[in-house]
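Colleague: Right, I'll just put the structure down here and ask away after.
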Amino acid sequence: MTLSTNNNQSSLVSDLETLIKDLPNHQHGKLIERALGVLLRIADEEVERLDWKILTTTLEDLEKGFKVFHPYRHTRKVTIFGSARLSPQSSEYRLAVEFARYITQFGFMVLTGAGGGIMQAGNEGAGREHSFGLNIELPFEQGTNPFIAGDDKLIKFQYFFTRKLFFLKESDAVALFPGGFGTQDEAFETLTLCQTGKYGPSPLVLIDEPGGDYWKTWNEYNYSNLLARGLISKEDSSLYTITDSLATACNVIREFYCVYHSIRYVEDLLVMRLNSELTDEQVEQLNEEYSDILVKGKIEKSCALPAEIKDETSNLPRLILYFNRLNSGRLYKMINQINKFGTCLPIEPHPEWK
């Protein structure tokens with residue numbers, strides 16, 4: 001036992017020495033140095049065993065997620081949330097199956113919680129090839145559904161917060177179907193992150209069954225209790241779309257990326273990467289309509305900035321602006337306007353869509 005422990009420690013010391021020696025040449029050397037520095041500082045403090053267990057388990061959860069998603073990092077994905085209690089015979093279940101089936105036809109993969117109900121429907125509709133399952137062990141409700149069980153893209157997390165991180169970190173859109181406390185939590189947490197700019201911009205679609213009112217009544221609560229009291233802004237409704245049409249739900253997600261590609265910040269400057277360049281007239285129109293979201297200056301066209309030279313999107317045209325981060329709802333409206341400048345064809349209605 002002692003010999004094995006000593007061997008493990010010797011190997012660890014050797015690996016650390018090699019890593020530190022190679023840090024100056026490592027692509028992410030500075031970030032690795034920061035991470036090691038955090039561990040060293042914690043090790044030098046009086047930290048309880050439980051805290052170390054939380055830290056270690058969190059890192060193990062992150063390691064699993066990073067490894068599974070890395071090969072698919074260039075494929076857009078949709079996270080599907082909804083009740084674990086809905087049976088395969090329910091109309092909401094069949095709706096989620098159809099949604100997942102059709103959204104994958106446009107190049108998206110699907111993420112679910114790998115359990116039953118709407119999660120199972122998402123994996124069933126997308127098929128194993130286009131599915132991920134982000135599972136977690138619970139005392140009830142959370143077995144692995146047969147459409148993702150045993151797949152290499154099934155990840156078993158120990159913590160909810162690491163699982164939630166990957167649901168949003170890896171997704172380019174979120175689709176919510178009716179559900180209970182967990183679904184409500186996911187809806188409001190996603191909205192909070194959209195509103196504060198910590199997620200997206202990405203489309204958030206809340207899907208009712210045809211003629212249903214689950215999300216409509218949820219929205220009425222938002223308006224009558226939150227908006228009426230000044231606790232949210234009118235523009236915050238631009239962060240999400242409520243629909244009972246599968247065609248509309250799929251179009252909202254697909255069209256969000258017609259011209260818009262992604263954003264990043266270079267210091268205080270928001271850099272919006274585009275799939276196609278806008279004309280000078282179109283940029284001027286944006287300045288006229290959205291000057292209220294600027295801290296200073298104007299919306300301008302740009303190529304990749306010096307800080308982005310090694311970025312995989314460095315060939316894409318850009319817009320740069322000093323964005324007031326309190327105006328996320330207006331930013332979503334501007335992205336929708338930008339997408340209308342492009343030529344993104346709508347999804348044709350499918351005969352099976354009701």
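Letters A, B, ... go to the chains of the structure tokens in the order shown; residues in each chain start at 1; ligands are counted from 1 in the same order.
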Within 12 Å of stretch 66-86 of chain A, which residues of stretch 206-229 of chain A show up? Give each one with its shortest atom-to-atom distance in Å (one decimal) and the two atoms involved, counting only C-alpha atoms, rows by chain then rising residue number, as JSON lines.

Modeller:
{"residue": "A:Leu206", "atom": "CA", "partner": "A:Phe81", "partner_atom": "CA", "distance": 9.6}
{"residue": "A:Ile207", "atom": "CA", "partner": "A:Gly82", "partner_atom": "CA", "distance": 9.9}
{"residue": "A:Asp208", "atom": "CA", "partner": "A:Gly82", "partner_atom": "CA", "distance": 11.0}
{"residue": "A:Tyr214", "atom": "CA", "partner": "A:Gly82", "partner_atom": "CA", "distance": 11.7}
{"residue": "A:Trp215", "atom": "CA", "partner": "A:Gly82", "partner_atom": "CA", "distance": 11.8}

Colleague: Those selected residues, please, written with C-alpha atoms and delivered as a PDB file, in the first residue's frame.

Modeller:
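Printed below is result.pdb as written:
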ATOM      1  CA  LEU A 206     -40.731  27.879 -25.067  1.00  0.00           C
ATOM      2  CA  ILE A 207     -42.911  25.325 -26.834  1.00  0.00           C
ATOM      3  CA  ASP A 208     -46.574  24.610 -26.058  1.00  0.00           C
ATOM      4  CA  TYR A 214     -48.584  26.283 -20.292  1.00  0.00           C
ATOM      5  CA  TRP A 215     -46.035  28.880 -21.382  1.00  0.00           C
TER       6      TRP A 215
END

Colleague: With stretch 320-337 of chain A as the partner and 12 Å as the cut-off, tabulate the residues of stretch 120-221 of chain A that qualify, each row holding the nearest pair of atoms and their distance in Å to one decimal, using only C-alpha atoms, sorted by chain and rising number, as a Markdown table.

Modeller:
| residue | atom | partner | partner_atom | distance |
| --- | --- | --- | --- | --- |
| A:Leu191 | CA | A:Gly329 | CA | 10.6 |
| A:Thr192 | CA | A:Ser328 | CA | 10.6 |
| A:Leu193 | CA | A:Ser328 | CA | 10.1 |
| A:Cys194 | CA | A:Ser328 | CA | 7.2 |
| A:Gln195 | CA | A:Ser328 | CA | 5.6 |
| A:Thr196 | CA | A:Ser328 | CA | 7.1 |
| A:Gly197 | CA | A:Ser328 | CA | 6.7 |
| A:Lys198 | CA | A:Ser328 | CA | 10.3 |
| A:Tyr199 | CA | A:Ser328 | CA | 10.6 |
| A:Gly200 | CA | A:Tyr332 | CA | 9.6 |
| A:Pro201 | CA | A:Tyr332 | CA | 6.8 |
| A:Ser202 | CA | A:Tyr332 | CA | 8.4 |
| A:Pro203 | CA | A:Tyr332 | CA | 8.7 |
| A:Leu204 | CA | A:Tyr332 | CA | 10.8 |

Colleague: Kindly save the residues from that selection, with all heavy atoms included, as a compact mmCIF listing (two decimals), in the first residue's frame.

Modeller:
# COMPACT_ATOMS: atom_id res chain seq x y z
N LEU A 191 -32.98 32.39 -18.55
CA LEU A 191 -33.36 33.77 -18.79
C LEU A 191 -32.47 34.75 -18.03
O LEU A 191 -32.07 35.78 -18.57
CB LEU A 191 -34.82 33.99 -18.38
CG LEU A 191 -35.88 33.81 -19.46
CD1 LEU A 191 -37.27 33.94 -18.86
CD2 LEU A 191 -35.68 34.83 -20.57
N THR A 192 -32.15 34.41 -16.79
CA THR A 192 -31.27 35.27 -15.99
C THR A 192 -29.90 35.41 -16.64
O THR A 192 -29.34 36.51 -16.73
CB THR A 192 -31.12 34.71 -14.57
OG1 THR A 192 -32.39 34.63 -13.95
CG2 THR A 192 -30.20 35.59 -13.73
N LEU A 193 -29.38 34.29 -17.13
CA LEU A 193 -28.06 34.33 -17.77
C LEU A 193 -28.12 35.06 -19.11
O LEU A 193 -27.16 35.74 -19.49
CB LEU A 193 -27.53 32.91 -17.95
CG LEU A 193 -27.26 32.15 -16.64
CD1 LEU A 193 -26.89 30.71 -16.92
CD2 LEU A 193 -26.15 32.83 -15.86
N CYS A 194 -29.23 34.93 -19.84
CA CYS A 194 -29.40 35.71 -21.08
C CYS A 194 -29.47 37.20 -20.76
O CYS A 194 -28.82 38.02 -21.41
CB CYS A 194 -30.67 35.28 -21.81
SG CYS A 194 -30.63 33.66 -22.58
N GLN A 195 -30.25 37.54 -19.75
CA GLN A 195 -30.46 38.94 -19.38
C GLN A 195 -29.17 39.60 -18.93
O GLN A 195 -28.91 40.77 -19.23
CB GLN A 195 -31.51 39.02 -18.27
CG GLN A 195 -31.88 40.43 -17.84
CD GLN A 195 -32.69 40.42 -16.56
OE1 GLN A 195 -32.27 39.85 -15.56
NE2 GLN A 195 -33.85 41.04 -16.60
N THR A 196 -28.33 38.86 -18.23
CA THR A 196 -27.09 39.42 -17.70
C THR A 196 -25.90 39.23 -18.64
O THR A 196 -24.77 39.62 -18.31
CB THR A 196 -26.75 38.79 -16.34
OG1 THR A 196 -26.70 37.36 -16.47
CG2 THR A 196 -27.81 39.16 -15.30
N GLY A 197 -26.15 38.62 -19.80
CA GLY A 197 -25.08 38.45 -20.78
C GLY A 197 -24.11 37.33 -20.46
O GLY A 197 -23.04 37.24 -21.07
N LYS A 198 -24.47 36.43 -19.54
CA LYS A 198 -23.60 35.32 -19.19
C LYS A 198 -23.85 34.10 -20.05
O LYS A 198 -23.11 33.12 -19.99
CB LYS A 198 -23.77 34.96 -17.71
CG LYS A 198 -23.31 36.05 -16.75
CD LYS A 198 -21.82 36.33 -16.88
CE LYS A 198 -21.35 37.34 -15.86
NZ LYS A 198 -19.89 37.62 -16.01
N TYR A 199 -24.91 34.13 -20.84
CA TYR A 199 -25.19 33.07 -21.81
C TYR A 199 -25.65 33.70 -23.10
O TYR A 199 -26.45 34.63 -23.11
CB TYR A 199 -26.27 32.12 -21.30
CG TYR A 199 -26.75 31.13 -22.34
CD1 TYR A 199 -25.88 30.17 -22.87
CD2 TYR A 199 -28.06 31.16 -22.81
CE1 TYR A 199 -26.31 29.28 -23.83
CE2 TYR A 199 -28.51 30.26 -23.77
CZ TYR A 199 -27.63 29.32 -24.28
OH TYR A 199 -28.04 28.42 -25.25
N GLY A 200 -25.15 33.18 -24.21
CA GLY A 200 -25.59 33.67 -25.51
C GLY A 200 -24.83 34.90 -25.96
O GLY A 200 -23.69 35.13 -25.55
N PRO A 201 -25.52 35.68 -26.82
CA PRO A 201 -26.90 35.57 -27.25
C PRO A 201 -27.19 34.26 -28.00
O PRO A 201 -26.45 33.87 -28.89
CB PRO A 201 -27.09 36.77 -28.19
CG PRO A 201 -26.00 37.73 -27.83
CD PRO A 201 -24.86 36.87 -27.42
N SER A 202 -28.28 33.63 -27.58
CA SER A 202 -28.75 32.41 -28.21
C SER A 202 -30.27 32.37 -28.10
O SER A 202 -30.84 32.91 -27.15
CB SER A 202 -28.16 31.17 -27.51
OG SER A 202 -26.76 31.13 -27.65
N PRO A 203 -30.94 31.71 -29.05
CA PRO A 203 -32.40 31.67 -28.99
C PRO A 203 -32.91 30.78 -27.86
O PRO A 203 -32.36 29.70 -27.61
CB PRO A 203 -32.79 31.12 -30.37
CG PRO A 203 -31.58 30.39 -30.85
CD PRO A 203 -30.40 31.09 -30.27
N LEU A 204 -33.96 31.24 -27.21
CA LEU A 204 -34.64 30.49 -26.16
C LEU A 204 -36.10 30.36 -26.58
O LEU A 204 -36.81 31.35 -26.71
CB LEU A 204 -34.53 31.24 -24.83
CG LEU A 204 -35.31 30.73 -23.63
CD1 LEU A 204 -34.91 29.30 -23.29
CD2 LEU A 204 -35.09 31.64 -22.42

Colleague: From a DSSP pass on the backbone, collect the residues of stretch 86-331 of chain A flagged as strand (DSSP E or B) and hand them back as an NGL selection string.

Modeller: :A and (109-112 or 131-136 or 154-157 or 173-176 or 204-207 or 241-243 or 260-266 or 269-274 or 294-302 or 318-323)

Colleague: Would you mind telling me which residue in A:Leu316, A:Ile42, A:Ile155, A:Leu36 lies nearest to A:Ile136 when using only C-alpha atoms?

Modeller: A:Ile155

Colleague: Mind checking which residues fall within 10 Å of stretch 305-311 of chain A, counting only C-alpha atoms, ignoring those fewer than 2 positions away in the same chain, and posting them as a list of chain:residue names?

Modeller: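 Neighbouring residues, sequence-local ones excluded: A:Arg264, A:Val266, A:Glu267, A:Val271, A:Ser302, A:Cys303, A:Thr313, A:Ser314, A:Asn315, A:Arg318, A:Ile320.
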
Colleague: Can I get the selection written as a PDB file, in the first residue's frame, with N, CA, C and O atoms?

Modeller:
ATOM      1  N   ARG A 264     -17.869  37.885 -28.826  1.00  0.00           N
ATOM      2  CA  ARG A 264     -16.889  37.824 -27.749  1.00  0.00           C
ATOM      3  C   ARG A 264     -16.564  39.259 -27.360  1.00  0.00           C
ATOM      4  O   ARG A 264     -16.908  40.212 -28.075  1.00  0.00           O
ATOM      5  N   VAL A 266     -13.480  41.914 -26.426  1.00  0.00           N
ATOM      6  CA  VAL A 266     -12.054  42.245 -26.375  1.00  0.00           C
ATOM      7  C   VAL A 266     -11.966  43.480 -25.496  1.00  0.00           C
ATOM      8  O   VAL A 266     -12.304  44.586 -25.927  1.00  0.00           O
ATOM      9  N   GLU A 267     -11.596  43.248 -24.259  1.00  0.00           N
ATOM     10  CA  GLU A 267     -11.676  44.270 -23.215  1.00  0.00           C
ATOM     11  C   GLU A 267     -13.116  44.787 -23.138  1.00  0.00           C
ATOM     12  O   GLU A 267     -14.016  43.994 -22.904  1.00  0.00           O
ATOM     13  N   VAL A 271     -17.432  42.332 -29.843  1.00  0.00           N
ATOM     14  CA  VAL A 271     -17.115  41.951 -31.212  1.00  0.00           C
ATOM     15  C   VAL A 271     -18.148  40.925 -31.665  1.00  0.00           C
ATOM     16  O   VAL A 271     -18.238  39.832 -31.114  1.00  0.00           O
ATOM     17  N   SER A 302     -15.655  45.692 -39.053  1.00  0.00           N
ATOM     18  CA  SER A 302     -14.253  45.439 -38.712  1.00  0.00           C
ATOM     19  C   SER A 302     -13.858  44.049 -39.198  1.00  0.00           C
ATOM     20  O   SER A 302     -14.716  43.177 -39.415  1.00  0.00           O
ATOM     21  N   CYS A 303     -12.565  43.855 -39.354  1.00  0.00           N
ATOM     22  CA  CYS A 303     -12.021  42.507 -39.537  1.00  0.00           C
ATOM     23  C   CYS A 303     -11.589  42.027 -38.145  1.00  0.00           C
ATOM     24  O   CYS A 303     -11.814  42.705 -37.149  1.00  0.00           O
ATOM     25  N   THR A 313     -12.405  31.866 -35.864  1.00  0.00           N
ATOM     26  CA  THR A 313     -13.338  32.645 -36.677  1.00  0.00           C
ATOM     27  C   THR A 313     -12.684  33.895 -37.253  1.00  0.00           C
ATOM     28  O   THR A 313     -13.381  34.821 -37.681  1.00  0.00           O
ATOM     29  N   SER A 314     -11.366  33.931 -37.280  1.00  0.00           N
ATOM     30  CA  SER A 314     -10.670  35.160 -37.690  1.00  0.00           C
ATOM     31  C   SER A 314     -10.967  35.578 -39.126  1.00  0.00           C
ATOM     32  O   SER A 314     -10.771  36.736 -39.495  1.00  0.00           O
ATOM     33  N   ASN A 315     -11.482  34.660 -39.937  1.00  0.00           N
ATOM     34  CA  ASN A 315     -11.794  34.997 -41.331  1.00  0.00           C
ATOM     35  C   ASN A 315     -13.165  35.644 -41.480  1.00  0.00           C
ATOM     36  O   ASN A 315     -13.500  36.157 -42.563  1.00  0.00           O
ATOM     37  N   ARG A 318     -16.898  41.312 -39.086  1.00  0.00           N
ATOM     38  CA  ARG A 318     -17.317  41.643 -37.740  1.00  0.00           C
ATOM     39  C   ARG A 318     -18.018  42.986 -37.666  1.00  0.00           C
ATOM     40  O   ARG A 318     -17.805  43.845 -38.518  1.00  0.00           O
ATOM     41  N   ILE A 320     -18.219  45.873 -34.488  1.00  0.00           N
ATOM     42  CA  ILE A 320     -17.694  46.178 -33.163  1.00  0.00           C
ATOM     43  C   ILE A 320     -18.486  47.341 -32.580  1.00  0.00           C
ATOM     44  O   ILE A 320     -18.879  48.265 -33.290  1.00  0.00           O
TER      45      ILE A 320
END

Colleague: Please determine, counting only C-alpha atoms, which residue among A:Tyr290, A:Phe166, A:Phe188, A:Phe106 has the shortest atom-to-atom distance to A:Arg254.

Modeller: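 Nearest to A:Arg254: A:Phe106.
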
Colleague: I'd like to know which of A:Asp51, A:Ile118, A:Ser91, A:Pro24 is closest to A:Gly211, using only C-alpha atoms.

Modeller: A:Ser91

Colleague: I'd like the neighbourhood of A:Cys250 as a PyMOL selection string, where a residue qualifies if any of its atoms comes within 10 Å (using only C-alpha atoms), though same-chain residues fewer than 2 positions away should be ignored.

Modeller: chain A and resi 99-100+102-104+106+175+205+245-248+252-255+346-347

Colleague: Write the residues of the preceding selection, restricted to all heavy atoms, as a short mmCIF file (atom, residue, chain, number, x, y, z; two decimals), in the first residue's frame.

Modeller:
data_model
loop_
_atom_site.label_atom_id
_atom_site.label_comp_id
_atom_site.auth_asym_id
_atom_site.auth_seq_id
_atom_site.Cartn_x
_atom_site.Cartn_y
_atom_site.Cartn_z
N PHE A 99 -39.97 17.63 -32.56
CA PHE A 99 -39.07 18.79 -32.56
C PHE A 99 -37.61 18.34 -32.70
O PHE A 99 -36.86 18.87 -33.53
CB PHE A 99 -39.22 19.60 -31.27
CG PHE A 99 -38.16 20.65 -31.09
CD1 PHE A 99 -38.23 21.86 -31.78
CD2 PHE A 99 -37.07 20.42 -30.25
CE1 PHE A 99 -37.23 22.81 -31.64
CE2 PHE A 99 -36.07 21.37 -30.10
CZ PHE A 99 -36.15 22.57 -30.80
N ALA A 100 -37.20 17.38 -31.88
CA ALA A 100 -35.81 16.90 -31.93
C ALA A 100 -35.48 16.30 -33.29
O ALA A 100 -34.39 16.50 -33.83
CB ALA A 100 -35.57 15.88 -30.82
N TYR A 102 -36.76 17.06 -36.24
CA TYR A 102 -36.65 18.05 -37.30
C TYR A 102 -35.48 19.01 -37.10
O TYR A 102 -34.86 19.42 -38.07
CB TYR A 102 -37.97 18.81 -37.46
CG TYR A 102 -39.07 17.91 -37.97
CD1 TYR A 102 -40.27 17.79 -37.28
CD2 TYR A 102 -38.90 17.14 -39.12
CE1 TYR A 102 -41.27 16.95 -37.73
CE2 TYR A 102 -39.88 16.31 -39.57
CZ TYR A 102 -41.07 16.20 -38.88
OH TYR A 102 -42.05 15.35 -39.33
N ILE A 103 -35.17 19.34 -35.86
CA ILE A 103 -34.08 20.29 -35.65
C ILE A 103 -32.74 19.65 -36.02
O ILE A 103 -31.83 20.33 -36.48
CB ILE A 103 -34.06 20.82 -34.19
CG1 ILE A 103 -33.31 22.16 -34.13
CG2 ILE A 103 -33.44 19.82 -33.22
CD1 ILE A 103 -33.95 23.29 -34.87
N THR A 104 -32.62 18.32 -35.87
CA THR A 104 -31.37 17.67 -36.28
C THR A 104 -31.20 17.64 -37.79
O THR A 104 -30.09 17.53 -38.29
CB THR A 104 -31.30 16.23 -35.73
OG1 THR A 104 -32.43 15.49 -36.20
CG2 THR A 104 -31.27 16.23 -34.22
N PHE A 106 -31.43 20.02 -39.63
CA PHE A 106 -30.79 21.27 -40.02
C PHE A 106 -29.43 21.44 -39.37
O PHE A 106 -28.95 22.55 -39.19
CB PHE A 106 -31.73 22.44 -39.71
CG PHE A 106 -33.01 22.36 -40.48
CD1 PHE A 106 -34.14 21.80 -39.91
CD2 PHE A 106 -33.07 22.78 -41.80
CE1 PHE A 106 -35.31 21.68 -40.64
CE2 PHE A 106 -34.24 22.67 -42.53
CZ PHE A 106 -35.37 22.11 -41.94
N ALA A 175 -34.55 24.84 -25.90
CA ALA A 175 -35.98 24.61 -26.14
C ALA A 175 -36.58 24.04 -24.87
O ALA A 175 -36.09 23.04 -24.33
CB ALA A 175 -36.18 23.65 -27.30
N VAL A 205 -36.54 29.12 -26.84
CA VAL A 205 -37.87 28.87 -27.38
C VAL A 205 -38.67 28.04 -26.37
O VAL A 205 -38.23 26.98 -25.93
CB VAL A 205 -37.80 28.13 -28.73
CG1 VAL A 205 -39.19 27.97 -29.31
CG2 VAL A 205 -36.90 28.88 -29.70
N SER A 245 -46.17 26.16 -32.36
CA SER A 245 -45.91 25.68 -33.72
C SER A 245 -44.48 25.14 -33.81
O SER A 245 -43.52 25.86 -33.54
CB SER A 245 -46.10 26.81 -34.73
OG SER A 245 -45.50 26.51 -35.97
N LEU A 246 -44.33 23.90 -34.22
CA LEU A 246 -42.99 23.34 -34.39
C LEU A 246 -42.22 24.06 -35.49
O LEU A 246 -41.01 24.27 -35.38
CB LEU A 246 -43.07 21.85 -34.73
CG LEU A 246 -43.32 20.87 -33.58
CD1 LEU A 246 -43.24 19.45 -34.10
CD2 LEU A 246 -42.32 21.08 -32.46
N ALA A 247 -42.90 24.42 -36.56
CA ALA A 247 -42.25 25.14 -37.65
C ALA A 247 -41.66 26.46 -37.15
O ALA A 247 -40.52 26.81 -37.46
CB ALA A 247 -43.22 25.38 -38.79
N THR A 248 -42.44 27.18 -36.35
CA THR A 248 -41.96 28.45 -35.79
C THR A 248 -40.78 28.21 -34.87
O THR A 248 -39.77 28.93 -34.92
CB THR A 248 -43.10 29.17 -35.03
OG1 THR A 248 -44.15 29.47 -35.94
CG2 THR A 248 -42.59 30.45 -34.39
N VAL A 252 -37.12 29.83 -35.58
CA VAL A 252 -36.51 30.79 -34.65
C VAL A 252 -35.06 30.40 -34.36
O VAL A 252 -34.16 31.24 -34.37
CB VAL A 252 -37.32 30.87 -33.34
CG1 VAL A 252 -36.53 31.58 -32.25
CG2 VAL A 252 -38.64 31.60 -33.58
N ILE A 253 -34.83 29.12 -34.13
CA ILE A 253 -33.47 28.65 -33.82
C ILE A 253 -32.57 28.73 -35.05
O ILE A 253 -31.45 29.24 -34.99
CB ILE A 253 -33.54 27.21 -33.27
CG1 ILE A 253 -34.22 27.21 -31.91
CG2 ILE A 253 -32.14 26.61 -33.18
CD1 ILE A 253 -34.52 25.83 -31.36
N ARG A 254 -33.06 28.23 -36.17
CA ARG A 254 -32.24 28.19 -37.39
C ARG A 254 -31.91 29.60 -37.89
O ARG A 254 -30.77 29.90 -38.25
CB ARG A 254 -32.98 27.40 -38.46
CG ARG A 254 -32.25 27.29 -39.79
CD ARG A 254 -32.96 26.29 -40.68
NE ARG A 254 -32.34 26.24 -42.00
CZ ARG A 254 -32.85 26.80 -43.09
NH1 ARG A 254 -33.97 27.49 -43.01
NH2 ARG A 254 -32.24 26.70 -44.25
N GLU A 255 -32.91 30.48 -37.89
CA GLU A 255 -32.71 31.81 -38.45
C GLU A 255 -31.84 32.70 -37.57
O GLU A 255 -31.30 33.70 -38.05
CB GLU A 255 -34.07 32.46 -38.70
CG GLU A 255 -34.85 31.80 -39.84
CD GLU A 255 -36.23 32.40 -40.03
OE1 GLU A 255 -36.59 33.34 -39.27
OE2 GLU A 255 -36.96 31.93 -40.93
N PRO A 346 -36.81 29.89 -44.94
CA PRO A 346 -37.57 29.27 -43.86
C PRO A 346 -37.70 27.77 -44.05
O PRO A 346 -37.57 27.25 -45.16
CB PRO A 346 -38.94 29.94 -43.96
CG PRO A 346 -39.05 30.33 -45.40
CD PRO A 346 -37.66 30.71 -45.83
N ILE A 347 -37.94 27.08 -42.95
CA ILE A 347 -38.17 25.65 -43.02
C ILE A 347 -39.56 25.41 -43.61
O ILE A 347 -40.54 25.99 -43.18
CB ILE A 347 -38.09 25.02 -41.61
CG1 ILE A 347 -36.69 25.21 -41.03
CG2 ILE A 347 -38.45 23.54 -41.64
CD1 ILE A 347 -36.57 24.78 -39.58
#

Colleague: As a PyMOL selection string, which residues of stretch 66-295 of chain A does DSSP assign to helix (DSSP H, G or I)?

Modeller: chain A and resi 66-72+91-104+118-126+128-130+160-169+181-195+214-227+234-239+246-255+280-293

Colleague: Do you have the atom CA of A:Tyr240-atom CA of A:Gly115 distance handy?

Modeller: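 Distance reported for this atom pair: 25.1 Å.
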
Colleague: Separation of atom CA of A:Glu63 and atom CA of A:Arg163, in Å?

Modeller: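 Calculated distance between atom CA of A:Glu63 and atom CA of A:Arg163 is 11.9 Å.
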